[in-house]
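In what follows, a single structure is set out as structure tokens and then discussed.
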Amino acid sequence: MTDTTVTGQASSTEAHSPGIIRVLVAKLGLDGHDRGAKVVARILRDAGMEVVYTGLYKSPNEVVNAAIQEDVDVIGVSLLSGSHVPLFKELGRCLREQKAEHIFVVAGGVIPEQDYAALLESGVDAIVPQEARADLIVMTIKNLIAARGRI
Amino acid sequence: MILFSEQAIEDIREKQAEWEENELAVALKSRPEEKPTYETECGIPLKRIYTAADVADIPAADLGFPGAYPFTRGAYPTMYRGRPWTIRQVAGFGNPEATNQRYKYMIQTGQTGLSTDFDLPTLLGLDSDDPMAFGEVGRVGVAIDTVDDVDRLFDGIDLEKISVSLTINPSAWVIYAMFVAVAEKRGYDLHKLTGTLQADPLKEYVAQKEWIYPVRPAVRLLRDLIMHSAKTTPKLNPISLSGYHLSDVGGNALQEIAFIMAFTIAYCEEVIDAGMDIDDFAPRLSFFFISHQDFFEQICKFRAARRVYAKIMSEQFHARKPESMRLRVHVQTAAMSLTKVEHHNNLMRTAIQALGAVLGGCQSMHTNGLDEAFAIPTEEAMKLAIRTQQIIRDEINVTSVIDPLGGSYFIERLTRDMENEIWKVLDEVKERGGAIKLVEEGWFQQKLADSAYATFKKIDSCEKISVGVNRYVDETSRSAEVHIHPYDDQCTQLQIDRLSEVRTNRDSGRVQRLLQELAQQAGSDDINLLPKTIELVKARATLGEICTALRDVWGSYAEPMIV
Amino acid sequence: MTVSTVSRPVKRAAYVPSIELVPDVLAGSVLAIARMISRAESGYEEAAQALAEIYKHSGKAHIVGITGVPGAGKSTLVSSLIKAFASDGYKVGVIAVDPSSPFSGGAILGDRVRMNDAAQSCRAFVRSMATRGNLGGLARSTLQAVDILDAAGYSPIIIETVGVGQDEVEVVTAAHTIVVLSAPGLGDDIQAIKAGILEIADIHAVSKCDKPEAAATVSALKGMMALGTVKASAGWNTPVLPVSSISGERIDDLKDAIGRHWMHLRESGELAERQRSICKKRILGTARHLFQLRFNEEVEELEKHIQAVVNRDIDPSVAAHRLLGWDNEAQAT
């Protein structure tokens, strides 16, 4: 038994309210620098997003499994160890293997421009530059979701 | 002993009040000051001017003389007049041979002490063929799997003549064992070996985040290392108590010093509990601090740190030898302050930070390469970094006078203010149950994450300026033509091949037996694990095998969830 | 040089209707389950039919609520329980609830750090959910997530919340077996009593049992029970169990106690009672939530009433009746 008035209003709620963006902030491989990841987690929370943080020393496979269960919109990875090329390649491969390519991958940290092409090729959707301000990080994610539309 | 007569102070106060009502008032009326309040980076309020009245309460004994308690004015009586600070630039990448070549280049360029960075697998106790080592072998530092790698690393270098700093933490005791084994093989007198191991576990859990075991076993390993080294390699510093990383992960100057002192206290308590006298190991405790952007704050930080340490050793641990109370420090300039945008600016930043470290009285220093924010420094960058120190040392005449800023009203006041804040934090740590407990609970980690976020917000809102990034932004500046230090893809294969060879040629049965003996010893708290470890490395056990054996006994560390 | 992001083009994604996800959910597809939970959380009207269908397939799982004050070690405990149940062959589901920021509406969901290992190695399904600040909305979406895991064949399903907010306590009481975790030396006894959570426990656990203070906490709890301040349940003696997540000590005791309580509920007939009570809570909670939603939307109507009450034309009670459309009664009064 459904009250159509109530249903109708719930629909309008739905049409107007933006979905809450969920992000998995992840650290891959052996890089122990988590200052940036933790700062980004807070920035995203302050921007109204829900952030799941993986902790340090995770393999790409673990990160993808977590991303799927949490149904996040974005996996954000901050890397400062220089091994971004092999690690993002593996991350992209795991996403494809698990049929989770709908999840966006955003890369940040210390990534030289000469490696951008390789990353984008591997499945990274956006690379945030090193000295990015909070706005840029938030907008990067919001733009990705806006372009994708609701899923 | 007070330095100023009450009458003199009264007089100054009166004169200052007059000045404020007259000249100052006029100036402020025509043009107010740019900010309503001023403070140091770590939050200590700054006055517009300091006079004798501001330091009247500080007893002369708290200043003392260089090289004597409380060491505020310097660790040694003659400081740089007797011996300049060591230029010690860290280097490490690829296979041991590659790093060995860089060492030879830098010694030629004027480096006076060696410093080694290891790759992530080595830092975390993994062999180069471990699955988790994928993509990481030889990348951020040199790859070391066996004692032969350490031999190759220092090939053609006389370890009796040059001191070596090893930037290694959870696996430090194994690298030390390899170092000793190489020295013995070469017939060196172990009592002549000089150098430092970083080996500071508590700061890993809260800052640098290199870990293998849970907190307490890691502290036990350090204790064993300190005790073994005191007898076997008495000129080696078995630990470099690192404030640097506390700052790097977000801590301010007060947190850097207060937290590292809290860790120092915890370690000393452990070693004393195991039966060693403070004076038998404290002289070899060394420190590693950052030199950051707030110039005067940093100088005062060094002075306050020396005084606090001296008082802790004397009053809390009743040390009798002056060497036990003397804080010796290696400094690295602040990598986090460097920018990728307009990276040449980093040369100026580094030079100023280096000057701060010299005026603060450091014993050795690493100046960052201008490309440090985004790459492993190139030879060119390292050369400029070495030149920075040489220019400060030889061209500008700052080394002729010891503690030249001592006695400045501002410097003495700020030193004292910082000291007071540090004691407050130490009291709080003590009240809450001591450093080890608080590390396990995540207390330090939360404070540091909060500081990191606060700094980010300040830069984001332009309250804190980063030239070229949030002020004086030049749209036309081109991105750095960065020559990225090439990653050697063959490196991994070479290490793996060598590992196979070692495993084939050694007596693996013996290695297994020794590993079991080590695991057994690890089960009881009062056996020193160093002798067995030295035996193991000589038998060609690998770093990964040794570290894994203990992980099977102690388990792995699980970090507290702090964001 | 402007600092800007480099990105690659994004394709518009197709929205898969929720009803089409249902067969995959029932077949246990992790992707489908995860997406369905998101749909439930977002409260999409489009998902109502699918959720109704899924509900029909639920009701098999043993739902375990775990709560306690912050710092008690719940996540670590849940991680150990996942491994313990998994080693007995169970497919474990976990919903870990964390508070949303009242300022930004966002949240940092920290429980997964502790449970990731277990989720990875034991094929357990771990989902972090934020409270999202809706009165009654939390229970609605959390329990719908439980329905989904239930229908997909997970059991036990653990709901983990911080036991300090009313909403969070509300959620955990919708479980069949409620475990309350206390930690020694946190001063938690006082906090927990205030929140009323000690009384709801079917099982009490005390964490960090390797610490000396744990014994005192265990006795304090046993003392409270002797005073009769806890919920009476015929045939079930609420145990107080020391556990240590770090050393894995006594986790099996807790796992067994949870299993025994499930047996007790079924054998005593109390399960039927609990299920009725849970259903009642869910109906009323959802009604409250819908009501709230409606009046957050109908700002003008509500505004009129607010103004009238401010002006003292009518009192709050009359205004409420009018909102509900119960005017006749109001006039009669």
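Starting from 1 in every chain, residues are counted up; chains themselves are A, B, ... following the order of the structure tokens, and ligands are numbered from 1 as listed.
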> Which parts of chain A does DSSP call strand (DSSP E or B) when run on the backbone here, written out as number ranges by chain?
Replying inline: A: 22-26, 28, 50-53, 58, 74-79, 104-109, 126-127
>> Taking only C-alpha atoms into account and nothing else, which residues of chain C lie no more than 9 Å away from chain A? Please answer as a VMD selection string.
In response: chain C and resid 3 to 16 30 to 31 33 to 35 37 to 39 42 to 46 100 to 101 103 to 114 116 to 117 119 to 120 125 to 130 290 to 291 293 to 294 297 to 298
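The residue that comes closest to chain B, out of A:Val110, A:Val105, A:Val77, A:Leu119 and on the basis of only C-alpha atoms, is A:Val110.
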> Contacts of Ala27 of chain C at 12 Å or less, counting only C-alpha atoms, minus same-chain residues fewer than 2 places along, as JSON, numbers by chain?
Replying inline: {"C": [21, 22, 23, 24, 25, 29, 30, 31, 32, 33, 54, 57, 148, 149, 150, 151, 152, 153, 154]}
> Smallest atom-to-atom distance to chain B: which of C:Arg132, C:Lys91, C:Lys211, C:Lys83, using only C-alpha atoms?
Replying inline: C:Lys211
Output as JSON lines one row per residue of segment 2-95 of chain A within 10 Å of segment 241-250 of chain B: the closest atom pair and its distance in Å to one decimal place, counting only C-alpha atoms, sorted by chain and residue number ascending.
{"residue": "A:His33", "atom": "CA", "partner": "B:Val249", "partner_atom": "CA", "distance": 7.9}
{"residue": "A:Asp34", "atom": "CA", "partner": "B:Val249", "partner_atom": "CA", "distance": 7.9}
{"residue": "A:Arg35", "atom": "CA", "partner": "B:Val249", "partner_atom": "CA", "distance": 5.6}
{"residue": "A:Gly36", "atom": "CA", "partner": "B:Val249", "partner_atom": "CA", "distance": 8.9}
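In this model, the gap between atom CA of Thr399 of chain B and atom CA of Pro66 of chain B comes to 13.7 Å.
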> Hey, can you check how far atom CA of Asp427 of chain B sits from atom CA of Trp443 of chain B?
Replying inline: 14.4 Å
>> Could you work out which residues of chain B fall inside 9 Å of chain A? Count only C-alpha atoms, and format the result as a PyMOL selection string.
In response: chain B and resi 120-121+124+132-136+139-140+207-210+248-250+339-341+373-375+449-450+452-453+456-457+459-460+469+482+484+559+561-563
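Between atom CA of Thr542 of chain B and atom CA of Cys491 of chain B there is a distance of 17.3 Å.
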>> DSSP on the backbone, alpha helix (DSSP H) only: what residues of segment 66-219 of chain C does that give? Format it as a ChimeraX atom specification.
In response: /C:74-87,111-121,137-151,166-172,188-195,214-219
Please produce an output containing C-alpha atoms for each residue in the selection, written as a short mmCIF file (atom, residue, chain, number, x, y, z; two decimals), in the first residue's frame.
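Saved the output as out-v7.cif:
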data_model
loop_
_atom_site.label_atom_id
_atom_site.label_comp_id
_atom_site.auth_asym_id
_atom_site.auth_seq_id
_atom_site.Cartn_x
_atom_site.Cartn_y
_atom_site.Cartn_z
CA LYS C 74 34.99 -2.62 17.93
CA SER C 75 36.49 -2.70 14.46
CA THR C 76 39.40 -4.83 15.56
CA LEU C 77 36.96 -7.15 17.31
CA VAL C 78 34.74 -7.41 14.24
CA SER C 79 37.81 -8.18 12.14
CA SER C 80 38.69 -11.07 14.45
CA LEU C 81 35.09 -12.30 14.43
CA ILE C 82 35.00 -12.31 10.64
CA LYS C 83 38.02 -14.58 10.60
CA ALA C 84 36.61 -16.80 13.35
CA PHE C 85 33.24 -17.26 11.62
CA ALA C 86 34.86 -17.64 8.21
CA SER C 87 37.02 -20.46 9.49
CA ASP C 111 36.34 1.11 10.28
CA ARG C 112 37.44 -0.53 7.09
CA VAL C 113 41.15 -0.02 7.81
CA ARG C 114 40.84 -2.57 10.55
CA MET C 115 38.69 -5.01 8.59
CA ASN C 116 40.26 -4.88 5.17
CA ASP C 117 42.52 -7.87 5.73
CA ALA C 118 39.64 -9.98 6.89
CA ALA C 119 37.42 -8.84 4.03
CA GLN C 120 40.14 -9.70 1.57
CA SER C 121 41.13 -13.08 2.90
CA GLY C 137 16.80 7.32 8.03
CA LEU C 138 19.82 5.57 9.40
CA ALA C 139 17.89 2.55 10.53
CA ARG C 140 16.00 2.44 7.28
CA SER C 141 19.02 2.35 5.02
CA THR C 142 21.21 0.24 7.28
CA LEU C 143 18.53 -2.41 7.66
CA GLN C 144 17.82 -2.37 3.95
CA ALA C 145 21.53 -3.02 3.43
CA VAL C 146 21.19 -5.92 5.86
CA ASP C 147 18.19 -7.24 3.87
CA ILE C 148 20.30 -7.17 0.73
CA LEU C 149 23.18 -9.09 2.30
CA ASP C 150 20.65 -11.46 3.87
CA ALA C 151 18.99 -12.19 0.55
CA GLN C 166 20.33 7.71 19.64
CA ASP C 167 20.24 6.71 15.98
CA GLU C 168 23.16 4.40 16.34
CA VAL C 169 21.70 2.69 19.39
CA GLU C 170 18.39 2.44 17.54
CA VAL C 171 20.04 0.59 14.67
CA VAL C 172 21.82 -1.92 16.76
CA ASP C 188 33.30 4.03 29.57
CA ASP C 189 31.11 2.56 32.27
CA ILE C 190 29.66 5.95 32.98
CA GLN C 191 29.27 6.91 29.35
CA ALA C 192 27.67 3.63 28.45
CA ILE C 193 25.18 3.84 31.25
CA LYS C 194 24.15 7.27 30.11
CA ALA C 195 23.59 6.05 26.62
CA ALA C 214 40.18 -5.45 32.20
CA ALA C 215 39.41 -7.64 35.20
CA ALA C 216 37.95 -4.66 37.03
CA THR C 217 35.67 -3.82 34.12
CA VAL C 218 34.49 -7.43 33.93
CA SER C 219 33.55 -7.41 37.62
#
> Could you pull the residues within 7 Å of His204 of chain C, counting only C-alpha atoms, minus those fewer than 2 positions along the same chain, as a list in words?
Replying inline: Val179, Val180, Leu181, Ala201, Asp202, Val206, Pro239, Val240 and Leu241 of chain C
Writing out the chosen residues with C-alpha atoms as a compact mmCIF listing (two decimals), in the first residue's frame:
# COMPACT_ATOMS: atom_id res chain seq x y z
CA VAL C 179 26.95 -7.48 21.78
CA VAL C 180 28.10 -4.50 23.82
CA LEU C 181 31.83 -3.97 23.95
CA ALA C 201 23.21 -6.36 25.70
CA ASP C 202 22.62 -10.03 25.08
CA VAL C 206 35.38 -6.51 27.50
CA PRO C 239 27.61 -13.55 29.74
CA VAL C 240 30.45 -11.11 30.36
CA LEU C 241 33.37 -12.20 28.18
> For chain B, which residues have at least one atom within 12 Å of chain C, if we go by only C-alpha atoms? Write them as a PyMOL selection string, please.
Replying inline: chain B and resi 214+340-342+432+437+440-443+468-470+472-480+554-563
Preceding selection exported with C-alpha atoms as a CSV table (one decimal), in the first residue's frame:
chain,number,residue,atom,x,y,z
B,214,PRO,CA,54.2,-4.3,16.6
B,340,LYS,CA,57.6,22.1,-8.0
B,341,VAL,CA,56.5,25.4,-9.5
B,342,GLU,CA,59.5,27.7,-10.2
B,432,ARG,CA,49.0,9.9,30.0
B,437,LYS,CA,51.5,3.6,25.2
B,440,GLU,CA,50.0,2.4,20.4
B,441,GLU,CA,46.9,4.5,21.0
B,442,GLY,CA,47.5,6.8,18.2
B,443,TRP,CA,47.8,10.0,20.3
B,468,GLY,CA,55.1,31.2,-6.8
B,469,VAL,CA,52.3,28.9,-5.6
B,470,ASN,CA,49.7,31.0,-3.8
B,472,TYR,CA,53.3,36.0,-7.0
B,473,VAL,CA,51.9,33.3,-9.3
B,474,ASP,CA,53.4,33.7,-12.7
B,475,GLU,CA,51.2,32.2,-15.4
B,476,THR,CA,54.0,32.3,-17.9
B,477,SER,CA,56.4,30.2,-15.8
B,478,ARG,CA,57.1,27.0,-17.6
B,479,SER,CA,57.0,23.7,-15.9
B,480,ALA,CA,60.4,22.5,-14.8
B,554,TRP,CA,55.9,-11.3,16.8
B,555,GLY,CA,53.3,-10.7,14.1
B,556,SER,CA,52.8,-7.6,12.0
B,557,TYR,CA,51.9,-4.1,13.1
B,558,ALA,CA,48.3,-3.0,12.5
B,559,GLU,CA,48.1,0.8,12.4
B,560,PRO,CA,45.4,2.7,14.4
B,561,MET,CA,42.8,4.4,12.3
B,562,ILE,CA,43.8,8.1,12.6
B,563,VAL,CA,43.1,10.5,9.8
